[in-house]
>>> print(open('work19.csv').read())   # CSV, C-alpha atoms
chain,number,residue,atom,x,y,z
A,1,MET,CA,-19.1,-3.4,-27.7
A,2,ASN,CA,-17.0,-6.5,-28.0
A,3,LYS,CA,-18.0,-9.2,-25.5
A,4,ALA,CA,-14.4,-10.0,-24.5
A,5,LEU,CA,-13.7,-6.3,-24.0
A,6,VAL,CA,-16.7,-5.9,-21.7
A,7,VAL,CA,-15.5,-8.9,-19.6
A,8,ILE,CA,-11.9,-7.7,-19.3
A,9,LEU,CA,-13.1,-4.2,-18.4
A,10,ILE,CA,-15.3,-5.7,-15.6
A,11,THR,CA,-12.3,-7.8,-14.5
A,12,VAL,CA,-10.1,-4.6,-14.3
A,13,ALA,CA,-12.8,-2.7,-12.4
A,14,LEU,CA,-13.4,-5.5,-9.8
A,15,ASP,CA,-9.6,-5.9,-9.4
A,16,SER,CA,-9.1,-2.2,-8.6
A,17,VAL,CA,-12.1,-2.2,-6.2
A,18,GLY,CA,-10.4,-5.0,-4.3
A,19,ILE,CA,-7.1,-3.1,-4.2
A,20,GLY,CA,-8.8,0.1,-3.0
A,21,LEU,CA,-11.0,-1.6,-0.3
A,22,ILE,CA,-8.1,-2.1,2.2
A,23,ILE,CA,-6.5,1.4,1.9
A,24,PRO,CA,-8.6,3.2,4.6
A,25,ILE,CA,-8.2,0.5,7.3
A,26,ILE,CA,-4.5,-0.4,7.0
A,27,PRO,CA,-3.2,2.2,9.6
A,28,ASP,CA,-5.7,1.0,12.2
A,29,LEU,CA,-4.9,-2.6,11.5
A,30,LEU,CA,-1.2,-1.9,11.8
A,31,ARG,CA,-1.9,-0.3,15.2
A,32,GLU,CA,-3.9,-3.3,16.3
A,33,LEU,CA,-1.2,-5.8,15.3
A,34,THR,CA,1.7,-3.8,16.8
A,35,GLY,CA,0.0,-2.2,19.8
A,36,GLY,CA,1.6,1.1,18.9
A,37,THR,CA,0.3,4.4,17.7
A,38,ASN,CA,3.0,5.7,15.4
A,39,VAL,CA,2.8,3.3,12.4
A,40,ALA,CA,3.8,5.7,9.6
A,41,ASN,CA,7.1,3.8,8.8
A,42,ARG,CA,5.3,0.5,8.8
A,43,PHE,CA,2.6,1.9,6.5
A,44,GLY,CA,5.4,3.1,4.2
A,45,VAL,CA,6.9,-0.4,4.0
A,46,PHE,CA,3.4,-1.8,3.4
A,47,ILE,CA,2.9,0.5,0.4
A,48,ALA,CA,6.4,0.2,-1.0
A,49,VAL,CA,6.5,-3.6,-1.0
A,50,TYR,CA,3.5,-3.8,-3.2
A,51,ALA,CA,5.0,-1.4,-5.8
A,52,LEU,CA,8.3,-3.3,-5.6
A,53,MET,CA,6.6,-6.6,-6.4
A,54,GLN,CA,4.7,-5.1,-9.3
A,55,PHE,CA,7.9,-3.6,-10.7
A,56,PHE,CA,9.7,-7.0,-10.7
A,57,PHE,CA,6.7,-9.2,-11.6
A,58,SER,CA,4.9,-7.2,-14.3
A,59,PRO,CA,7.4,-8.2,-17.0
A,60,ILE,CA,7.4,-11.7,-15.7
A,61,LEU,CA,3.6,-12.1,-15.9
A,62,GLY,CA,3.6,-10.4,-19.3
A,63,ALA,CA,6.2,-12.8,-20.6
A,64,LEU,CA,4.4,-15.8,-19.2
A,65,SER,CA,1.2,-14.7,-20.8
A,66,ASP,CA,3.0,-14.4,-24.2
A,67,ARG,CA,4.3,-18.0,-23.8
A,68,PHE,CA,1.2,-19.7,-22.2
A,69,GLY,CA,-1.7,-17.4,-23.1
A,70,ARG,CA,-3.4,-14.5,-21.3
A,71,ARG,CA,-6.3,-16.4,-19.7
A,72,PRO,CA,-4.4,-18.9,-17.6
A,73,VAL,CA,-2.0,-16.3,-16.2
A,74,LEU,CA,-5.0,-14.0,-15.3
A,75,LEU,CA,-6.9,-16.9,-13.7
A,76,ILE,CA,-3.9,-18.0,-11.6
A,77,SER,CA,-3.3,-14.4,-10.4
A,78,LEU,CA,-7.0,-13.9,-9.6
A,79,ALA,CA,-7.2,-17.1,-7.6
A,80,GLY,CA,-4.0,-16.4,-5.8
A,81,ALA,CA,-5.3,-12.9,-4.9
A,82,ALA,CA,-8.5,-14.3,-3.5
A,83,VAL,CA,-6.7,-16.8,-1.3
A,84,ASP,CA,-4.2,-14.1,-0.3
A,85,TYR,CA,-6.9,-11.7,0.9
A,86,VAL,CA,-8.4,-14.4,3.1
A,87,VAL,CA,-5.0,-15.0,4.7
A,88,MET,CA,-4.5,-11.2,5.2
A,89,ALA,CA,-8.0,-11.0,6.7
A,90,PHE,CA,-7.0,-13.3,9.5
A,91,ALA,CA,-3.4,-12.3,9.8
A,92,PRO,CA,-2.4,-12.8,13.5
A,93,THR,CA,0.9,-11.0,13.2
A,94,LEU,CA,2.6,-8.2,11.3
A,95,SER,CA,4.9,-10.6,9.4
A,96,VAL,CA,1.9,-12.5,8.0
A,97,LEU,CA,0.3,-9.3,6.9
A,98,TYR,CA,3.5,-8.2,5.1
A,99,ALA,CA,3.9,-11.6,3.5
A,100,GLY,CA,0.3,-11.3,2.2
A,101,ARG,CA,1.2,-7.9,0.9
A,102,VAL,CA,4.1,-9.4,-1.1
A,103,VAL,CA,1.8,-11.9,-2.7
A,104,SER,CA,-0.8,-9.3,-3.5
A,105,GLY,CA,1.8,-7.2,-5.2
A,106,ILE,CA,2.8,-10.2,-7.3
A,107,THR,CA,-0.8,-11.0,-8.3
A,108,GLY,CA,-1.6,-7.3,-8.8
A,109,ALA,CA,1.0,-7.3,-11.6
A,110,ASN,CA,-1.7,-8.9,-13.7
A,111,MET,CA,-2.5,-5.4,-15.0
A,112,ALA,CA,0.3,-6.0,-17.5
A,113,VAL,CA,-1.6,-9.1,-18.7
A,114,ALA,CA,-4.9,-7.2,-18.9
A,115,THR,CA,-3.3,-4.5,-21.0
A,116,ALA,CA,-1.9,-7.1,-23.3
A,117,TYR,CA,-5.3,-8.7,-23.6
A,118,VAL,CA,-6.9,-5.4,-24.7
A,119,ALA,CA,-4.2,-5.0,-27.3
A,120,ASP,CA,-4.9,-8.6,-28.6
A,121,ILE,CA,-8.6,-8.0,-29.2
A,122,SER,CA,-8.3,-4.4,-30.6
A,123,ALA,CA,-7.3,-3.1,-34.0
A,124,GLU,CA,-4.5,-0.5,-33.9
A,125,ASP,CA,-6.8,2.4,-34.4
A,126,GLU,CA,-9.0,1.3,-31.5
A,127,ARG,CA,-6.4,0.7,-28.9
A,128,ALA,CA,-6.1,4.2,-27.6
A,129,LYS,CA,-9.8,4.4,-27.0
A,130,ARG,CA,-10.0,1.0,-25.4
A,131,TYR,CA,-7.0,1.8,-23.1
A,132,GLY,CA,-9.0,4.8,-22.1
A,133,TYR,CA,-11.9,2.6,-21.2
A,134,MET,CA,-9.6,0.4,-19.2
A,135,ASN,CA,-8.1,3.3,-17.3
A,136,ALA,CA,-11.6,4.7,-16.6
A,137,CYS,CA,-12.7,1.3,-15.1
A,138,PHE,CA,-9.6,1.2,-13.0
A,139,GLY,CA,-10.3,4.7,-11.8
A,140,ILE,CA,-14.0,3.9,-11.0
A,141,GLY,CA,-12.7,0.9,-8.9
A,142,PHE,CA,-10.4,3.2,-7.0
A,143,VAL,CA,-13.2,5.5,-6.2
A,144,ALA,CA,-15.6,2.8,-5.1
A,145,GLY,CA,-13.0,0.7,-3.3
A,146,PRO,CA,-11.9,3.2,-0.6
A,147,LEU,CA,-15.5,4.3,-0.1
A,148,LEU,CA,-16.7,0.8,0.5
A,149,GLY,CA,-13.6,0.0,2.5
A,150,GLY,CA,-14.2,3.0,4.8
A,151,LEU,CA,-17.9,2.0,5.4
A,152,ILE,CA,-17.2,-1.7,5.9
A,153,GLY,CA,-14.1,-1.1,7.9
A,154,SER,CA,-16.0,0.8,10.5
A,155,LEU,CA,-17.7,-2.5,11.3
A,156,SER,CA,-14.5,-4.6,11.4
A,157,LEU,CA,-11.0,-3.9,10.2
A,158,ARG,CA,-11.0,-7.5,8.7
A,159,TYR,CA,-14.2,-7.2,6.6
A,160,PRO,CA,-12.6,-5.2,3.7
A,161,PHE,CA,-10.1,-8.1,3.1
A,162,LEU,CA,-12.9,-10.6,3.0
A,163,LEU,CA,-14.9,-8.5,0.5
A,164,ALA,CA,-11.7,-8.1,-1.6
A,165,ALA,CA,-11.4,-11.9,-1.6
A,166,VAL,CA,-15.0,-12.3,-2.7
A,167,LEU,CA,-14.5,-9.9,-5.5
A,168,ASN,CA,-11.4,-11.7,-6.7
A,169,GLY,CA,-13.3,-15.0,-6.5
A,170,LEU,CA,-16.1,-13.6,-8.6
A,171,ASN,CA,-13.4,-12.3,-11.0
A,172,PHE,CA,-11.9,-15.8,-11.2
A,173,LEU,CA,-15.3,-17.4,-11.9
A,174,LEU,CA,-16.0,-14.7,-14.6
A,175,GLY,CA,-12.7,-15.6,-16.2
A,176,CYS,CA,-13.3,-19.3,-16.0
A,177,PHE,CA,-16.7,-19.3,-17.6
A,178,VAL,CA,-17.0,-16.2,-19.7
A,179,LEU,CA,-13.5,-14.8,-20.7
A,180,PRO,CA,-12.1,-16.4,-23.9
A,181,GLU,CA,-8.4,-16.7,-24.6
A,182,SER,CA,-7.1,-13.8,-26.7
A,183,HIS,CA,-3.6,-14.9,-27.5
A,184,LYS,CA,-2.4,-18.2,-29.0
A,185,ALA,CA,0.4,-19.6,-26.8
A,186,GLY,CA,3.8,-19.1,-28.3
A,187,ALA,CA,6.2,-21.8,-29.1
A,188,LYS,CA,9.3,-19.8,-28.3
A,189,ARG,CA,11.1,-20.1,-25.0
A,190,ILE,CA,11.0,-17.1,-22.7
A,191,GLU,CA,14.1,-15.1,-23.0
A,192,LEU,CA,15.7,-13.9,-19.8
A,193,LYS,CA,16.1,-10.3,-21.1
A,194,SER,CA,12.3,-10.1,-21.3
A,195,LEU,CA,12.1,-10.6,-17.6
A,196,ASN,CA,14.4,-7.7,-16.7
A,197,PRO,CA,12.3,-4.9,-15.1
A,198,PHE,CA,15.1,-2.4,-15.7
A,199,ALA,CA,15.2,-3.0,-19.5
A,200,SER,CA,12.6,-0.4,-20.2
A,201,LEU,CA,14.8,2.3,-18.7
A,202,HIS,CA,17.2,2.0,-21.6
A,203,LEU,CA,15.5,4.8,-23.5
A,204,ALA,CA,16.2,7.3,-20.7
A,205,TRP,CA,20.0,6.8,-21.2
A,206,GLY,CA,19.8,6.5,-25.0
A,207,LEU,CA,18.2,9.9,-25.7
A,208,LYS,CA,19.9,12.6,-23.6
A,209,SER,CA,17.3,15.2,-24.7
A,210,LEU,CA,14.8,13.2,-22.6
A,211,LEU,CA,16.7,13.3,-19.3
A,212,PRO,CA,15.7,16.8,-18.1
A,213,LEU,CA,12.0,16.1,-18.8
A,214,LEU,CA,12.3,12.7,-17.2
A,215,THR,CA,13.9,14.3,-14.2
A,216,ILE,CA,10.9,16.5,-13.8
A,217,TYR,CA,8.7,13.4,-14.2
A,218,VAL,CA,10.5,11.7,-11.4
A,219,ILE,CA,10.2,14.8,-9.2
A,220,MET,CA,6.5,15.0,-9.8
A,221,ASN,CA,6.0,11.4,-9.0
A,222,MET,CA,8.0,11.7,-5.8
A,223,VAL,CA,5.9,14.7,-4.8
A,224,GLY,CA,2.8,12.7,-5.5
A,225,GLN,CA,3.9,10.0,-3.0
A,226,VAL,CA,3.1,12.4,-0.2
A,227,PRO,CA,-0.7,12.4,-0.5
A,228,SER,CA,-0.8,8.8,-1.8
A,229,THR,CA,1.1,7.6,1.2
A,230,LEU,CA,0.1,9.9,4.0
A,231,TRP,CA,-3.5,10.8,3.3
A,232,VAL,CA,-5.0,8.2,5.6
A,233,ILE,CA,-2.5,8.6,8.4
A,234,TYR,CA,-2.4,12.4,8.3
A,235,GLY,CA,-6.2,12.6,8.4
A,236,GLU,CA,-6.4,10.3,11.3
A,237,ASP,CA,-3.5,11.9,13.3
A,238,LYS,CA,-4.3,15.5,12.8
A,239,PHE,CA,-8.1,15.6,12.3
A,240,GLY,CA,-9.2,12.5,14.0
A,241,TRP,CA,-10.8,11.0,10.9
A,242,ASP,CA,-12.5,7.6,11.2
A,243,THR,CA,-12.5,5.0,8.4
A,244,ARG,CA,-15.7,6.4,7.0
A,245,THR,CA,-14.3,9.9,6.7
A,246,VAL,CA,-11.1,8.5,5.1
A,247,GLY,CA,-13.1,6.5,2.6
A,248,LEU,CA,-15.3,9.5,1.7
A,249,SER,CA,-12.3,11.8,1.3
A,250,LEU,CA,-10.6,9.3,-1.0
A,251,ALA,CA,-13.7,8.8,-3.0
A,252,MET,CA,-14.2,12.6,-3.4
A,253,TYR,CA,-10.6,13.0,-4.5
A,254,GLY,CA,-11.0,10.2,-7.0
A,255,VAL,CA,-14.1,11.6,-8.6
A,256,LEU,CA,-12.8,15.2,-8.8
A,257,HIS,CA,-9.4,14.0,-10.1
A,258,ALA,CA,-11.2,12.0,-12.9
A,259,LEU,CA,-13.4,15.0,-13.7
A,260,ALA,CA,-10.4,17.3,-13.9
A,261,GLN,CA,-8.5,14.9,-16.1
A,262,ALA,CA,-11.5,14.5,-18.4
A,263,PHE,CA,-12.8,18.0,-18.7
A,264,LEU,CA,-10.1,20.4,-17.5
A,265,THR,CA,-6.8,19.2,-19.0
A,266,GLY,CA,-7.9,19.5,-22.7
A,267,PRO,CA,-9.3,23.1,-22.5
A,268,VAL,CA,-6.4,24.4,-20.4
A,269,THR,CA,-3.7,22.9,-22.6
A,270,ALA,CA,-5.5,24.1,-25.7
A,271,ARG,CA,-5.6,27.6,-24.3
A,272,LEU,CA,-2.2,27.9,-22.5
A,273,GLY,CA,-0.2,25.2,-24.3
A,274,GLU,CA,1.6,22.3,-22.7
A,275,ARG,CA,4.5,24.2,-21.2
A,276,ARG,CA,2.4,26.8,-19.4
A,277,SER,CA,-0.1,24.2,-18.3
A,278,LEU,CA,2.8,22.2,-16.8
A,279,VAL,CA,3.9,25.3,-14.8
A,280,LEU,CA,0.3,26.1,-13.8
A,281,GLY,CA,-0.2,22.6,-12.5
A,282,ILE,CA,3.1,22.5,-10.6
A,283,VAL,CA,2.4,25.9,-8.9
A,284,THR,CA,-1.2,24.9,-8.0
A,285,ASP,CA,-0.1,21.6,-6.6
A,286,GLY,CA,2.7,23.2,-4.6
A,287,LEU,CA,0.3,25.8,-3.1
A,288,CYS,CA,-2.2,23.2,-2.2
A,289,PHE,CA,0.5,21.2,-0.3
A,290,VAL,CA,1.3,24.3,1.7
A,291,MET,CA,-2.4,24.8,2.5
A,292,LEU,CA,-2.7,21.2,3.6
A,293,ALA,CA,0.2,21.7,5.9
A,294,LEU,CA,-1.5,24.8,7.5
A,295,ALA,CA,-5.0,23.4,7.6
A,296,THR,CA,-6.5,23.1,11.0
A,297,ARG,CA,-10.0,21.8,10.3
A,298,SER,CA,-11.4,18.9,8.3
A,299,TRP,CA,-13.6,21.1,6.1
A,300,MET,CA,-10.4,22.9,5.0
A,301,VAL,CA,-9.0,19.7,3.6
A,302,PHE,CA,-12.2,18.9,1.7
A,303,ALA,CA,-12.1,22.4,0.2
A,304,ILE,CA,-8.4,22.1,-0.8
A,305,ILE,CA,-9.1,18.8,-2.6
A,306,VAL,CA,-10.8,20.9,-5.4
A,307,PRO,CA,-7.7,22.9,-6.5
A,308,LEU,CA,-5.4,19.9,-5.6
A,309,CYS,CA,-7.2,17.8,-8.3
A,310,ALA,CA,-7.0,20.7,-10.7
A,311,GLY,CA,-3.3,20.7,-10.3
A,312,GLY,CA,-3.3,17.2,-11.8
A,313,ILE,CA,-3.2,18.8,-15.3
A,314,ALA,CA,0.6,19.1,-14.9
A,315,LEU,CA,1.3,15.4,-15.5
A,316,PRO,CA,-0.6,14.9,-18.8
A,317,ALA,CA,1.0,18.2,-20.0
A,318,LEU,CA,4.4,16.8,-19.2
A,319,GLN,CA,3.6,13.4,-20.8
A,320,SER,CA,2.6,15.3,-24.0
A,321,LEU,CA,5.9,17.2,-24.0
A,322,LEU,CA,7.8,13.9,-23.5
A,323,SER,CA,6.0,12.3,-26.4
A,324,LYS,CA,7.3,15.0,-28.7
A,325,GLN,CA,10.8,14.2,-27.9
A,326,VAL,CA,10.7,10.7,-29.6
A,327,GLY,CA,9.6,9.4,-32.9
A,328,GLU,CA,6.5,7.3,-33.6
A,329,GLY,CA,8.5,4.1,-33.4
A,330,GLN,CA,9.6,4.8,-29.9
A,331,GLN,CA,6.3,5.8,-28.3
A,332,GLY,CA,5.8,2.4,-26.8
A,333,GLU,CA,9.3,2.3,-25.4
A,334,LEU,CA,8.8,5.7,-23.9
A,335,GLN,CA,5.6,4.7,-22.1
A,336,GLY,CA,7.4,1.6,-20.7
A,337,THR,CA,10.1,3.9,-19.4
A,338,LEU,CA,7.6,6.1,-17.7
A,339,VAL,CA,5.8,3.2,-16.1
A,340,SER,CA,9.2,1.8,-14.8
A,341,LEU,CA,10.1,5.2,-13.3
A,342,MET,CA,6.7,5.6,-11.7
A,343,SER,CA,7.1,2.1,-10.2
A,344,LEU,CA,10.5,2.9,-8.8
A,345,THR,CA,9.3,6.2,-7.2
A,346,SER,CA,6.4,4.2,-5.8
A,347,VAL,CA,9.0,2.0,-4.0
A,348,VAL,CA,11.3,4.8,-2.8
A,349,GLY,CA,8.7,7.5,-2.2
A,350,PRO,CA,6.6,5.9,0.5
A,351,LEU,CA,9.7,5.0,2.5
A,352,ALA,CA,11.1,8.5,2.3
A,353,VAL,CA,7.8,10.2,3.0
A,354,THR,CA,6.9,8.1,6.0
A,355,SER,CA,10.5,8.6,7.4
A,356,VAL,CA,10.2,12.4,7.1
A,357,TYR,CA,6.7,12.3,8.7
A,358,SER,CA,7.8,10.1,11.6
A,359,ALA,CA,10.8,12.4,12.3
A,360,SER,CA,8.8,15.6,12.2
A,361,ALA,CA,5.3,14.7,13.3
A,362,ALA,CA,6.0,15.5,17.0
A,363,THR,CA,7.3,19.0,16.1
A,364,TRP,CA,5.0,19.8,13.2
A,365,SER,CA,3.1,17.2,11.3
A,366,GLY,CA,2.6,19.5,8.3
A,367,ALA,CA,6.4,19.7,7.6
A,368,VAL,CA,6.3,16.8,5.1
A,369,TRP,CA,3.8,18.6,2.9
A,370,VAL,CA,6.0,21.7,2.8
A,371,ALA,CA,9.0,19.4,2.0
A,372,GLY,CA,6.9,17.9,-0.9
A,373,ALA,CA,6.2,21.3,-2.3
A,374,ALA,CA,9.8,22.3,-1.9
A,375,LEU,CA,10.8,19.4,-4.2
A,376,TYR,CA,9.2,21.3,-7.1
A,377,LEU,CA,11.8,24.0,-6.7
A,378,PHE,CA,14.3,21.5,-8.3
A,379,CYS,CA,12.3,21.7,-11.5
A,380,ILE,CA,13.3,25.4,-12.0
A,381,PRO,CA,17.0,24.9,-12.8
A,382,VAL,CA,16.2,21.7,-14.8
A,383,LEU,CA,13.9,23.6,-17.0
A,384,ARG,CA,16.0,26.8,-17.3
A,385,HIS,CA,19.3,25.2,-18.0
A,386,GLY,CA,19.0,21.4,-18.3
A,387,LEU,CA,17.2,21.4,-21.6
A,388,GLN,CA,19.2,24.1,-23.4
A,389,GLY,CA,20.8,22.7,-26.4
A,390,GLY,CA,19.2,19.3,-25.8
A,391,GLY,CA,17.8,19.1,-29.3
A,392,GLY,CA,14.8,16.8,-29.6
A,393,ARG,CA,12.3,16.6,-32.4
A,394,PRO,CA,11.3,19.7,-34.3
A,395,GLU,CA,7.9,20.0,-32.6
A,396,PHE,CA,9.7,20.8,-29.3
A,397,SER,CA,12.7,22.8,-30.5
A,398,GLY,CA,12.9,26.2,-28.9
A,399,GLY,CA,10.4,25.4,-26.2
A,400,VAL,CA,12.7,25.2,-23.3
A,401,ASP,CA,13.4,28.9,-22.9
A,402,GLY,CA,9.7,29.7,-22.9
A,403,LEU,CA,9.1,27.1,-20.1
A,404,GLY,CA,12.0,28.4,-18.1
A,405,ALA,CA,10.8,31.9,-18.5
A,406,ASP,CA,7.3,30.9,-17.3
A,407,LEU,CA,8.9,29.4,-14.1
>>> encode(input="work19.csv", output="C-alpha cells")
Amino acid sequence: MNKALVVILITVALDSVGIGLIIPIIPDLLRELTGGTNVANRFGVFIAVYALMQFFFSPILGALSDRFGRRPVLLISLAGAAVDYVVMAFAPTLSVLYAGRVVSGITGANMAVATAYVADISAEDERAKRYGYMNACFGIGFVAGPLLGGLIGSLSLRYPFLLAAVLNGLNFLLGCFVLPESHKAGAKRIELKSLNPFASLHLAWGLKSLLPLLTIYVIMNMVGQVPSTLWVIYGEDKFGWDTRTVGLSLAMYGVLHALAQAFLTGPVTARLGERRSLVLGIVTDGLCFVMLALATRSWMVFAIIVPLCAGGIALPALQSLLSKQVGEGQQGELQGTLVSLMSLTSVVGPLAVTSVYSASAATWSGAVWVAGAALYLFCIPVLRHGLQGGGGRPEFSGGVDGLGADL
C-alpha cells in the first residue's frame, strides 16, 4: 500500500479516536461545571456548535489547502486541536468549554482536507476503494474512542481531553516528519464563492426530481439525531449508566453498525432491491425507537442495539436511489449536497432533540424516542405522492409507485 496513504489513514484514525474520546464524559462534565442535573439542553448546544463550525469551515479549509497545499493546513489544524484539547481539559467554566468546542469544530473540519489528500494520491479507479479505507479508519476510531473515553473518564473527567491532546500531538509529529505534500500550491487567488457552505445545496433546487428523496434523507438524518445526541444522557438518566457502561454501549453499537453496513446491506439490497430495503430499514429503525422508549432495564437496550444497527441499511439504500437520479457528471455535486444537508441536520437536530427531552423527561423520558419514530410517518406521503411524475433518470422511472405501495 502507498506509504502516503498509510500515513493519512493513521492520521484519520487517530483524529477520530480523539473526537470519540470525550463523548462519554461530557454530560458529567457539564453537571460539574454548572452544578445542575438537567444538562440536556446544554449538551445539545455542545453537539450542535461542533457541527455548525464544521459546516462553515470545511469549504474554507478545503479552499486553503487548494491554495497553500494539504500538508500545512493539516498540520495547523492538528496543532490547534492539540492545544484546544488541553484548554478544554482544564476549562474552569462552561463558557471556556464551549469556546474550546468552537475551536475543535473548526479544526475538525480538516476531514475535508484529508479527503482531498486521498484524491490527490489516488488514480480515479482507486478512489472509491481508498475512500472506503478512510471511512473504515474513521469508524474504527469512533469505536475505540468512546470505549477508551469511558474507561479513562471513570478515573477523571479531564483525562480523556488530555489523551485526545496527546493523540493530536502525535498526529502533528507524524505529519511533520512522515507525511509528504500531495498537492502543489496553486497560484490562483481563493474565490469567495468557494468559501460558501451553502453552494453545494444548489443541486437540490436545480433538479426537482431529487427533492422528495432529499426530503426523506433529511427526515432520516433528523431521526438519527435522537440516538446520536441522547444516547449518553438517556442511559445515565434512566438506567444509571456510568462512563464505562456508556463507552461499552457506544463501542458495541459502532462494531455492530460497521458489521451491518459491511455484510448485511449488500445481500439485503440484492435480494429485496433498494426500495424495499429502504422501507425495511425505516420500519426496523422506527420499531427499535419505540422499544427503546419502553425499555426498563439496561440489558434490554443492549439487546435492541442489534436490530437498531440492522435498520442502518435504509441510508445506503436511499443513497443508491439518489445516485440514480443524476448523471455521472453530477455524482460529486450530489455527494456534496448530501454532506451539507447532513451537517445542517447535525446543527438543528441536537437542539430540537434536547429541547423535546428536557420538556418531556419529567413526565416520560421515552417520549423523545417515540417522537423520533413518528417523524418517519412523514416519509409515507412523500413517497406516495411527492415523487409521482418527478421524472428522473431511466433507471429509476416507475419506481415510486412500488415504494409507495411498500409503505
>>> atom_distance(input="work19.csv", atom1="atom CA of A:Pro24", atom2="atom CA of A:Leu167")
17.6 Å
>>> atom_distance(input="work19.csv", atom1="atom CA of A:Pro227", atom2="atom CA of A:Trp369")
8.4 Å
>>> residues_around(input="work19.csv", residues="A:Ala48", least_positions_apart="5", cutoff="8 Å", atoms="only C-alpha atoms", output="PDB file with C-alpha atoms, keeping the file's coordinate frame")
ATOM      1  CA  SER A 346       6.400   4.200  -5.800  1.00  0.00           C
ATOM      2  CA  VAL A 347       9.000   2.000  -4.000  1.00  0.00           C
ATOM      3  CA  VAL A 348      11.300   4.800  -2.800  1.00  0.00           C
ATOM      4  CA  GLY A 349       8.700   7.500  -2.200  1.00  0.00           C
ATOM      5  CA  PRO A 350       6.600   5.900   0.500  1.00  0.00           C
ATOM      6  CA  LEU A 351       9.700   5.000   2.500  1.00  0.00           C
TER       7      LEU A 351
END
>>> atom_distance(input="work19.csv", atom1="atom CA of A:Gly235", atom2="atom CA of A:Val301")
9.0 Å
>>> residues_around(input="work19.csv", residues="stretch 40-43 of chain A", least_positions_apart="6", cutoff="12 Å", atoms="all atoms listed in the file", output="ChimeraX atom specification")
/A:23-31,33-34,49-50,94-95,97-98,101,226,228-234,236-237,349-361,365
>>> closest_residue(input="work19.csv", among="A:Val39, A:Leu259, A:Leu21, A:Leu318", to="A:Glu274", atoms="all atoms listed in the file")
A:Leu318
>>> closest_residue(input="work19.csv", among="A:Thr269, A:Thr243, A:Ser320, A:Ile10", to="A:Ser156", atoms="all atoms listed in the file")
A:Thr243
>>> residues_around(input="work19.csv", residues="stretch 293-300 of chain A", least_positions_apart="4", cutoff="8 Å", atoms="all atoms listed in the file", output="ChimeraX atom specification")
/A:239,289,304,365-370
>>> closest_residue(input="work19.csv", among="A:Pro146, A:Pro92, A:Gly44, A:Pro72", to="A:Ser249", atoms="all atoms listed in the file")
A:Pro146
>>> closest_residue(input="work19.csv", among="A:Gly69, A:Gly266, A:Gly36, A:Gly18", to="A:Tyr159", atoms="all atoms listed in the file")
A:Gly18
>>> residues_near_point(input="work19.csv", point="(-9.5, -10.6, -28.3)", cutoff="8 Å", atoms="all atoms listed in the file", output="ChimeraX atom specification")
/A:4-5,117-122,180-183
